[in-house]
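Here the structure comes first, spelled out in structure tokens, and everything after it is commentary.
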Number of protein chains: 2
Amino acid sequence: MAEPLLTIGEMAARAGVATSAVRYYERRGLLPADARESGQRRYKQETLRRLVFIGMLQDAGLGLDDIDGILHASGAAEWKAIGTRRLHALDEHIAQLQRARDVLALALLCRYDHPATECHIMGAEIDRRLEQTQTAQ
Amino acid sequence: MAEPLLTIGEMAARAGVATSAVRYYERRGLLPADARESGQRRYKQETLRRLVFIGMLQDAGLGLDDIDGILHASGAAEWKAIGTRRLHALDEHIAQLQRARDVLALALLCRYDHPATECHIMGAEIDRRLEQTQTAQ
DNA sequence: TTGACACTTGAACCCGAGTTGAAGTCAAGT
DNA sequence: ACTTGACTTCAACTCGGGTTCAAGTGTCAA
């Protein structure tokens, strides 16, 4: 089998991250300090997969603390709890961005040459927001 | 008309932001330094609306530099150019989050009690990613 | 043996968007 | 007269996720 070990540079390139990030993850305990060959890091294939996995979770908006929690969870229940929490947060985040997107798109439809703050569409949105905070207290 | 002026505290509360943020925006030139009454800021209603507007753009993912560009644009063409760029970025961002969301949701469906990295669904995703970076060079 | 090259370390620095703290000012109320 | 409360300034700090730097080590080829 003699699985070939990867240098930090190879692994980083294959995962599409900087070597500095790999060292940082190792420092944070997200990646194992697999082995050293005359002082230099040599990583297992498995560690490359873990590195890619970290990237996927980051894309989903998880912070390195959460990722650490998932990687070091003692059972599926534990990492799924974190994942579920983040999934909800992500859904909410997406919905919020979608609303913001729609407002922005609408504003771009303004036909006249006035400053953005005076756009009647934006004006209506601003009023909506102001009323919300008024009534929210 | 004698439009009532707002103290920084009132304005911040109505817009739902911290007073420190208002001072910060003023320093950055996003808000006008309307007036002072014995050293204290007094803002026009219009400035409150501008503050809310800033919040809306922030929600849409714009940075304060872009917001500054929009607020100080010399014509609609200028602010719309910024807005359009950010709208595209926002669309891409939402799409990317959506993909990440789907992967995360899928991973949570794993039925067995193994660590997240060994989940076969994640495993497949990891392989997809690895192949992408392989072929992408 | 000299150079190129990829790697090593720890510490310091970067960014954006504010927040925090210390020390002071001002007007109103008791 | 004193306290309270909201404000003022400026500089320094926070946070997350790294990046950059200086100085050094190890290996290979010409």
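Going through the structure tokens in order, the chains are called A, B, and so on, while each chain numbers its residues from 1 and the ligands are numbered from 1 in the order shown.
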*Show which residues sit within 10 Å of DG17 of chain D, as number ranges by chain. Count only C-alpha atoms (C1' of nucleotides), and ignore same-chain residues fewer than 5 positions away.*
A: 21, 24, 63-64
Next, the residues of the selection above should be written as an mmCIF file, in the first residue's frame with N, CA and C atoms.
```
data_model
loop_
_atom_site.group_PDB
_atom_site.id
_atom_site.type_symbol
_atom_site.label_atom_id
_atom_site.label_comp_id
_atom_site.auth_asym_id
_atom_site.auth_seq_id
_atom_site.Cartn_x
_atom_site.Cartn_y
_atom_site.Cartn_z
ATOM 1 N N ALA A 21 -2.228 28.635 5.566
ATOM 2 C CA ALA A 21 -3.504 28.216 6.143
ATOM 3 C C ALA A 21 -3.384 26.817 6.730
ATOM 4 N N TYR A 24 -1.676 27.000 9.948
ATOM 5 C CA TYR A 24 -2.604 27.603 10.903
ATOM 6 C C TYR A 24 -3.616 26.566 11.411
ATOM 7 N N GLY A 63 -17.585 28.563 11.339
ATOM 8 C CA GLY A 63 -16.319 29.100 11.819
ATOM 9 C C GLY A 63 -15.411 27.965 12.236
ATOM 10 N N LEU A 64 -14.141 28.263 12.412
ATOM 11 C CA LEU A 64 -13.194 27.201 12.736
ATOM 12 C C LEU A 64 -13.495 26.552 14.094
#
```
*Identify, on the basis of only C-alpha atoms (C1' of nucleotides), every residue whose closest approach to segment 17-19 of chain C does not exceed 12 Å; exclude the query and any residue fewer than 4 positions from it along the same chain; express the result as a VMD selection string.*
(chain B and resid 17 to 25 27 to 28 58 62 to 65) or (chain D and resid 12 to 15)
Please save C-alpha atoms (C1' of nucleotides) of the selected residues as a PDB file, in the first residue's frame.
```pdb
ATOM      1  CA  VAL B  17     -27.673  50.785  15.744  1.00  0.00           C
ATOM      2  CA  ALA B  18     -25.186  51.674  18.469  1.00  0.00           C
ATOM      3  CA  THR B  19     -24.174  55.275  19.027  1.00  0.00           C
ATOM      4  CA  SER B  20     -20.563  54.245  18.528  1.00  0.00           C
ATOM      5  CA  ALA B  21     -21.479  53.146  15.033  1.00  0.00           C
ATOM      6  CA  VAL B  22     -23.079  56.507  14.300  1.00  0.00           C
ATOM      7  CA  ARG B  23     -19.926  58.356  15.363  1.00  0.00           C
ATOM      8  CA  TYR B  24     -17.910  55.955  13.278  1.00  0.00           C
ATOM      9  CA  TYR B  25     -20.045  56.614  10.182  1.00  0.00           C
ATOM     10  CA  ARG B  27     -15.968  59.998  10.960  1.00  0.00           C
ATOM     11  CA  ARG B  28     -15.980  58.062   7.722  1.00  0.00           C
ATOM     12  CA  GLN B  58     -24.968  46.639   4.595  1.00  0.00           C
ATOM     13  CA  LEU B  62     -22.012  46.154   0.678  1.00  0.00           C
ATOM     14  CA  GLY B  63     -18.961  47.407   2.490  1.00  0.00           C
ATOM     15  CA  LEU B  64     -18.742  50.934   3.821  1.00  0.00           C
ATOM     16  CA  ASP B  65     -16.508  51.957   0.946  1.00  0.00           C
TER      17      ASP B  65
ATOM     18  C1'  DA D  12      -6.349  51.486  21.718  1.00  0.00           C
ATOM     19  C1'  DC D  13      -8.502  47.288  21.480  1.00  0.00           C
ATOM     20  C1'  DT D  14     -11.554  43.228  19.574  1.00  0.00           C
ATOM     21  C1'  DC D  15     -12.467  39.382  16.334  1.00  0.00           C
TER      22       DC D  15
END
```
*asked:* Can you work out which residues from chain C touch chain A at a cut-off of 10 Å (counting only C-alpha atoms (C1' of nucleotides)) and hand them back as a VMD selection string?
replied: chain C and resid 6 to 8
At a cut-off of 8 Å, which residues of chain B touch chain A? Count only C-alpha atoms and give the answer as a PDB file with N, CA and C atoms, in the first residue's frame.
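Output file out15.pdb is given in full below:
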```pdb
ATOM      1  N   ARG B  14     -33.581  54.701  17.057  1.00  0.00           N
ATOM      2  CA  ARG B  14     -34.612  54.562  16.028  1.00  0.00           C
ATOM      3  C   ARG B  14     -34.125  53.778  14.829  1.00  0.00           C
ATOM      4  N   ALA B  15     -32.840  53.851  14.576  1.00  0.00           N
ATOM      5  CA  ALA B  15     -32.313  53.091  13.441  1.00  0.00           C
ATOM      6  C   ALA B  15     -31.874  51.693  13.880  1.00  0.00           C
ATOM      7  N   GLY B  16     -31.822  51.515  15.204  1.00  0.00           N
ATOM      8  CA  GLY B  16     -31.419  50.197  15.689  1.00  0.00           C
ATOM      9  C   GLY B  16     -29.923  49.934  15.591  1.00  0.00           C
ATOM     10  N   ARG B  49     -32.870  58.807   8.077  1.00  0.00           N
ATOM     11  CA  ARG B  49     -33.227  58.008   6.903  1.00  0.00           C
ATOM     12  C   ARG B  49     -31.964  57.512   6.203  1.00  0.00           C
ATOM     13  N   ARG B  50     -30.984  58.361   6.181  1.00  0.00           N
ATOM     14  CA  ARG B  50     -29.738  57.961   5.543  1.00  0.00           C
ATOM     15  C   ARG B  50     -29.084  56.827   6.342  1.00  0.00           C
ATOM     16  N   VAL B  52     -30.605  54.581   8.121  1.00  0.00           N
ATOM     17  CA  VAL B  52     -31.348  53.351   7.845  1.00  0.00           C
ATOM     18  C   VAL B  52     -30.954  52.788   6.472  1.00  0.00           C
ATOM     19  N   PHE B  53     -30.792  53.692   5.553  1.00  0.00           N
ATOM     20  CA  PHE B  53     -30.393  53.307   4.196  1.00  0.00           C
ATOM     21  C   PHE B  53     -29.037  52.594   4.221  1.00  0.00           C
ATOM     22  N   MET B  56     -29.492  49.116   5.237  1.00  0.00           N
ATOM     23  CA  MET B  56     -30.054  48.257   4.193  1.00  0.00           C
ATOM     24  C   MET B  56     -28.969  47.799   3.229  1.00  0.00           C
ATOM     25  N   LEU B  57     -28.099  48.722   2.871  1.00  0.00           N
ATOM     26  CA  LEU B  57     -27.030  48.355   1.946  1.00  0.00           C
ATOM     27  C   LEU B  57     -26.057  47.378   2.601  1.00  0.00           C
ATOM     28  N   ASP B  59     -26.857  45.193   4.799  1.00  0.00           N
ATOM     29  CA  ASP B  59     -27.526  43.892   4.788  1.00  0.00           C
ATOM     30  C   ASP B  59     -27.351  43.207   3.438  1.00  0.00           C
ATOM     31  N   ALA B  60     -27.262  44.024   2.394  1.00  0.00           N
ATOM     32  CA  ALA B  60     -27.093  43.454   1.063  1.00  0.00           C
ATOM     33  C   ALA B  60     -25.630  43.117   0.793  1.00  0.00           C
ATOM     34  N   GLY B  61     -24.822  43.233   1.838  1.00  0.00           N
ATOM     35  CA  GLY B  61     -23.439  42.801   1.703  1.00  0.00           C
ATOM     36  C   GLY B  61     -22.474  43.862   1.206  1.00  0.00           C
ATOM     37  N   ILE B  70     -21.890  55.062  -3.184  1.00  0.00           N
ATOM     38  CA  ILE B  70     -23.290  55.247  -3.556  1.00  0.00           C
ATOM     39  C   ILE B  70     -23.828  56.554  -3.016  1.00  0.00           C
ATOM     40  N   LEU B  71     -23.497  56.829  -1.760  1.00  0.00           N
ATOM     41  CA  LEU B  71     -24.014  58.049  -1.129  1.00  0.00           C
ATOM     42  C   LEU B  71     -23.452  59.312  -1.776  1.00  0.00           C
ATOM     43  N   ALA B  73     -22.289  59.499  -4.919  1.00  0.00           N
ATOM     44  CA  ALA B  73     -22.272  59.407  -6.375  1.00  0.00           C
ATOM     45  C   ALA B  73     -22.776  60.723  -6.959  1.00  0.00           C
ATOM     46  N   SER B  74     -22.261  61.061  -8.113  1.00  0.00           N
ATOM     47  CA  SER B  74     -22.679  62.337  -8.707  1.00  0.00           C
ATOM     48  C   SER B  74     -23.924  62.175  -9.578  1.00  0.00           C
ATOM     49  N   GLY B  75     -24.279  60.938  -9.875  1.00  0.00           N
ATOM     50  CA  GLY B  75     -25.494  60.733 -10.659  1.00  0.00           C
ATOM     51  C   GLY B  75     -25.968  59.306 -10.519  1.00  0.00           C
ATOM     52  N   ALA B  76     -27.145  59.040 -11.032  1.00  0.00           N
ATOM     53  CA  ALA B  76     -27.715  57.707 -10.903  1.00  0.00           C
ATOM     54  C   ALA B  76     -26.832  56.652 -11.557  1.00  0.00           C
ATOM     55  N   ALA B  77     -26.228  57.012 -12.677  1.00  0.00           N
ATOM     56  CA  ALA B  77     -25.395  56.044 -13.392  1.00  0.00           C
ATOM     57  C   ALA B  77     -24.292  55.519 -12.483  1.00  0.00           C
ATOM     58  N   TRP B  79     -24.091  55.439  -9.026  1.00  0.00           N
ATOM     59  CA  TRP B  79     -24.470  54.552  -7.928  1.00  0.00           C
ATOM     60  C   TRP B  79     -25.062  53.243  -8.445  1.00  0.00           C
ATOM     61  N   LYS B  80     -25.691  53.332  -9.611  1.00  0.00           N
ATOM     62  CA  LYS B  80     -26.251  52.098 -10.161  1.00  0.00           C
ATOM     63  C   LYS B  80     -25.164  51.141 -10.621  1.00  0.00           C
ATOM     64  N   GLY B  83     -24.157  49.450  -7.519  1.00  0.00           N
ATOM     65  CA  GLY B  83     -25.252  48.571  -7.105  1.00  0.00           C
ATOM     66  C   GLY B  83     -25.347  47.334  -7.972  1.00  0.00           C
ATOM     67  N   THR B  84     -25.168  47.525  -9.253  1.00  0.00           N
ATOM     68  CA  THR B  84     -25.273  46.386 -10.175  1.00  0.00           C
ATOM     69  C   THR B  84     -24.152  45.385  -9.932  1.00  0.00           C
ATOM     70  N   LEU B  87     -24.984  43.577  -6.878  1.00  0.00           N
ATOM     71  CA  LEU B  87     -26.127  42.680  -7.060  1.00  0.00           C
ATOM     72  C   LEU B  87     -25.645  41.356  -7.651  1.00  0.00           C
ATOM     73  N   LEU B  90     -23.826  39.470  -5.063  1.00  0.00           N
ATOM     74  CA  LEU B  90     -24.786  38.961  -4.091  1.00  0.00           C
ATOM     75  C   LEU B  90     -25.480  37.712  -4.629  1.00  0.00           C
ATOM     76  N   ASP B  91     -25.847  37.743  -5.875  1.00  0.00           N
ATOM     77  CA  ASP B  91     -26.499  36.587  -6.490  1.00  0.00           C
ATOM     78  C   ASP B  91     -25.573  35.375  -6.442  1.00  0.00           C
ATOM     79  N   ILE B  94     -25.330  34.118  -2.874  1.00  0.00           N
ATOM     80  CA  ILE B  94     -26.513  33.371  -2.467  1.00  0.00           C
ATOM     81  C   ILE B  94     -26.492  31.974  -3.084  1.00  0.00           C
ATOM     82  N   GLN B  96     -23.942  30.265  -3.995  1.00  0.00           N
ATOM     83  CA  GLN B  96     -22.890  29.473  -3.368  1.00  0.00           C
ATOM     84  C   GLN B  96     -23.346  28.975  -1.994  1.00  0.00           C
ATOM     85  N   LEU B  97     -24.007  29.845  -1.252  1.00  0.00           N
ATOM     86  CA  LEU B  97     -24.504  29.448   0.064  1.00  0.00           C
ATOM     87  C   LEU B  97     -25.553  28.360  -0.086  1.00  0.00           C
ATOM     88  N   GLN B  98     -26.336  28.483  -1.120  1.00  0.00           N
ATOM     89  CA  GLN B  98     -27.389  27.508  -1.363  1.00  0.00           C
ATOM     90  C   GLN B  98     -26.786  26.129  -1.630  1.00  0.00           C
ATOM     91  N   ALA B 100     -23.830  25.117  -0.625  1.00  0.00           N
ATOM     92  CA  ALA B 100     -23.240  24.671   0.642  1.00  0.00           C
ATOM     93  C   ALA B 100     -24.338  24.161   1.573  1.00  0.00           C
ATOM     94  N   ARG B 101     -25.447  24.843   1.564  1.00  0.00           N
ATOM     95  CA  ARG B 101     -26.573  24.450   2.401  1.00  0.00           C
ATOM     96  C   ARG B 101     -27.052  23.049   2.044  1.00  0.00           C
ATOM     97  N   LEU B 104     -24.620  20.441   3.246  1.00  0.00           N
ATOM     98  CA  LEU B 104     -24.730  20.297   4.706  1.00  0.00           C
ATOM     99  C   LEU B 104     -25.989  19.519   5.085  1.00  0.00           C
ATOM    100  N   ALA B 105     -27.080  19.851   4.456  1.00  0.00           N
ATOM    101  CA  ALA B 105     -28.342  19.171   4.754  1.00  0.00           C
ATOM    102  C   ALA B 105     -28.238  17.683   4.435  1.00  0.00           C
ATOM    103  N   LEU B 108     -26.351  15.697   6.981  1.00  0.00           N
ATOM    104  CA  LEU B 108     -27.101  15.468   8.214  1.00  0.00           C
ATOM    105  C   LEU B 108     -28.041  14.271   8.085  1.00  0.00           C
ATOM    106  N   TYR B 112     -25.632   6.487   9.983  1.00  0.00           N
ATOM    107  CA  TYR B 112     -24.799   5.724  10.900  1.00  0.00           C
ATOM    108  C   TYR B 112     -23.935   6.593  11.786  1.00  0.00           C
ATOM    109  N   ASP B 113     -23.418   5.959  12.782  1.00  0.00           N
ATOM    110  CA  ASP B 113     -22.717   6.693  13.823  1.00  0.00           C
ATOM    111  C   ASP B 113     -21.214   6.761  13.566  1.00  0.00           C
ATOM    112  N   HIS B 114     -20.828   7.380  12.493  1.00  0.00           N
ATOM    113  CA  HIS B 114     -19.390   7.519  12.235  1.00  0.00           C
ATOM    114  C   HIS B 114     -19.020   9.003  12.243  1.00  0.00           C
ATOM    115  N   PRO B 115     -17.727   9.256  12.344  1.00  0.00           N
ATOM    116  CA  PRO B 115     -17.319  10.661  12.319  1.00  0.00           C
ATOM    117  C   PRO B 115     -17.687  11.297  10.983  1.00  0.00           C
ATOM    118  N   ALA B 116     -17.915  12.586  11.020  1.00  0.00           N
ATOM    119  CA  ALA B 116     -18.384  13.329   9.857  1.00  0.00           C
ATOM    120  C   ALA B 116     -17.503  13.102   8.623  1.00  0.00           C
ATOM    121  N   THR B 117     -16.216  13.013   8.826  1.00  0.00           N
ATOM    122  CA  THR B 117     -15.297  12.862   7.692  1.00  0.00           C
ATOM    123  C   THR B 117     -15.464  11.535   6.972  1.00  0.00           C
ATOM    124  N   MET B 122     -20.492  12.782   2.439  1.00  0.00           N
ATOM    125  CA  MET B 122     -19.400  13.754   2.487  1.00  0.00           C
ATOM    126  C   MET B 122     -18.214  13.239   1.680  1.00  0.00           C
ATOM    127  N   ILE B 126     -16.254  15.254  -1.113  1.00  0.00           N
ATOM    128  CA  ILE B 126     -14.822  15.536  -0.988  1.00  0.00           C
ATOM    129  C   ILE B 126     -14.109  15.098  -2.271  1.00  0.00           C
ATOM    130  N   ARG B 129     -14.654  17.542  -5.069  1.00  0.00           N
ATOM    131  CA  ARG B 129     -13.815  18.726  -4.889  1.00  0.00           C
ATOM    132  C   ARG B 129     -12.371  18.456  -5.278  1.00  0.00           C
ATOM    133  N   LEU B 130     -11.894  17.303  -4.893  1.00  0.00           N
ATOM    134  CA  LEU B 130     -10.504  16.980  -5.186  1.00  0.00           C
ATOM    135  C   LEU B 130     -10.286  16.863  -6.682  1.00  0.00           C
ATOM    136  N   THR B 133     -10.078  20.386  -8.370  1.00  0.00           N
ATOM    137  CA  THR B 133      -8.796  21.095  -8.293  1.00  0.00           C
ATOM    138  C   THR B 133      -7.720  20.378  -9.099  1.00  0.00           C
ATOM    139  N   GLN B 134      -7.863  19.062  -9.231  1.00  0.00           N
ATOM    140  CA  GLN B 134      -6.906  18.337 -10.074  1.00  0.00           C
ATOM    141  C   GLN B 134      -7.000  18.808 -11.521  1.00  0.00           C
TER     142      GLN B 134
END
```
*Quick one: pull the distance between atom C1' of DC5 of chain C and atom C1' of DT27 of chain D, Å, one decimal.*
9.1 Å
*asked:* When you count only C-alpha atoms (C1' of nucleotides), which of these residues is closest to chain D: B:Thr47, B:Leu31, B:Leu5, B:Glu10?
replied: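 Residue with the minimum atom-to-atom distance to chain D: B:Glu10.
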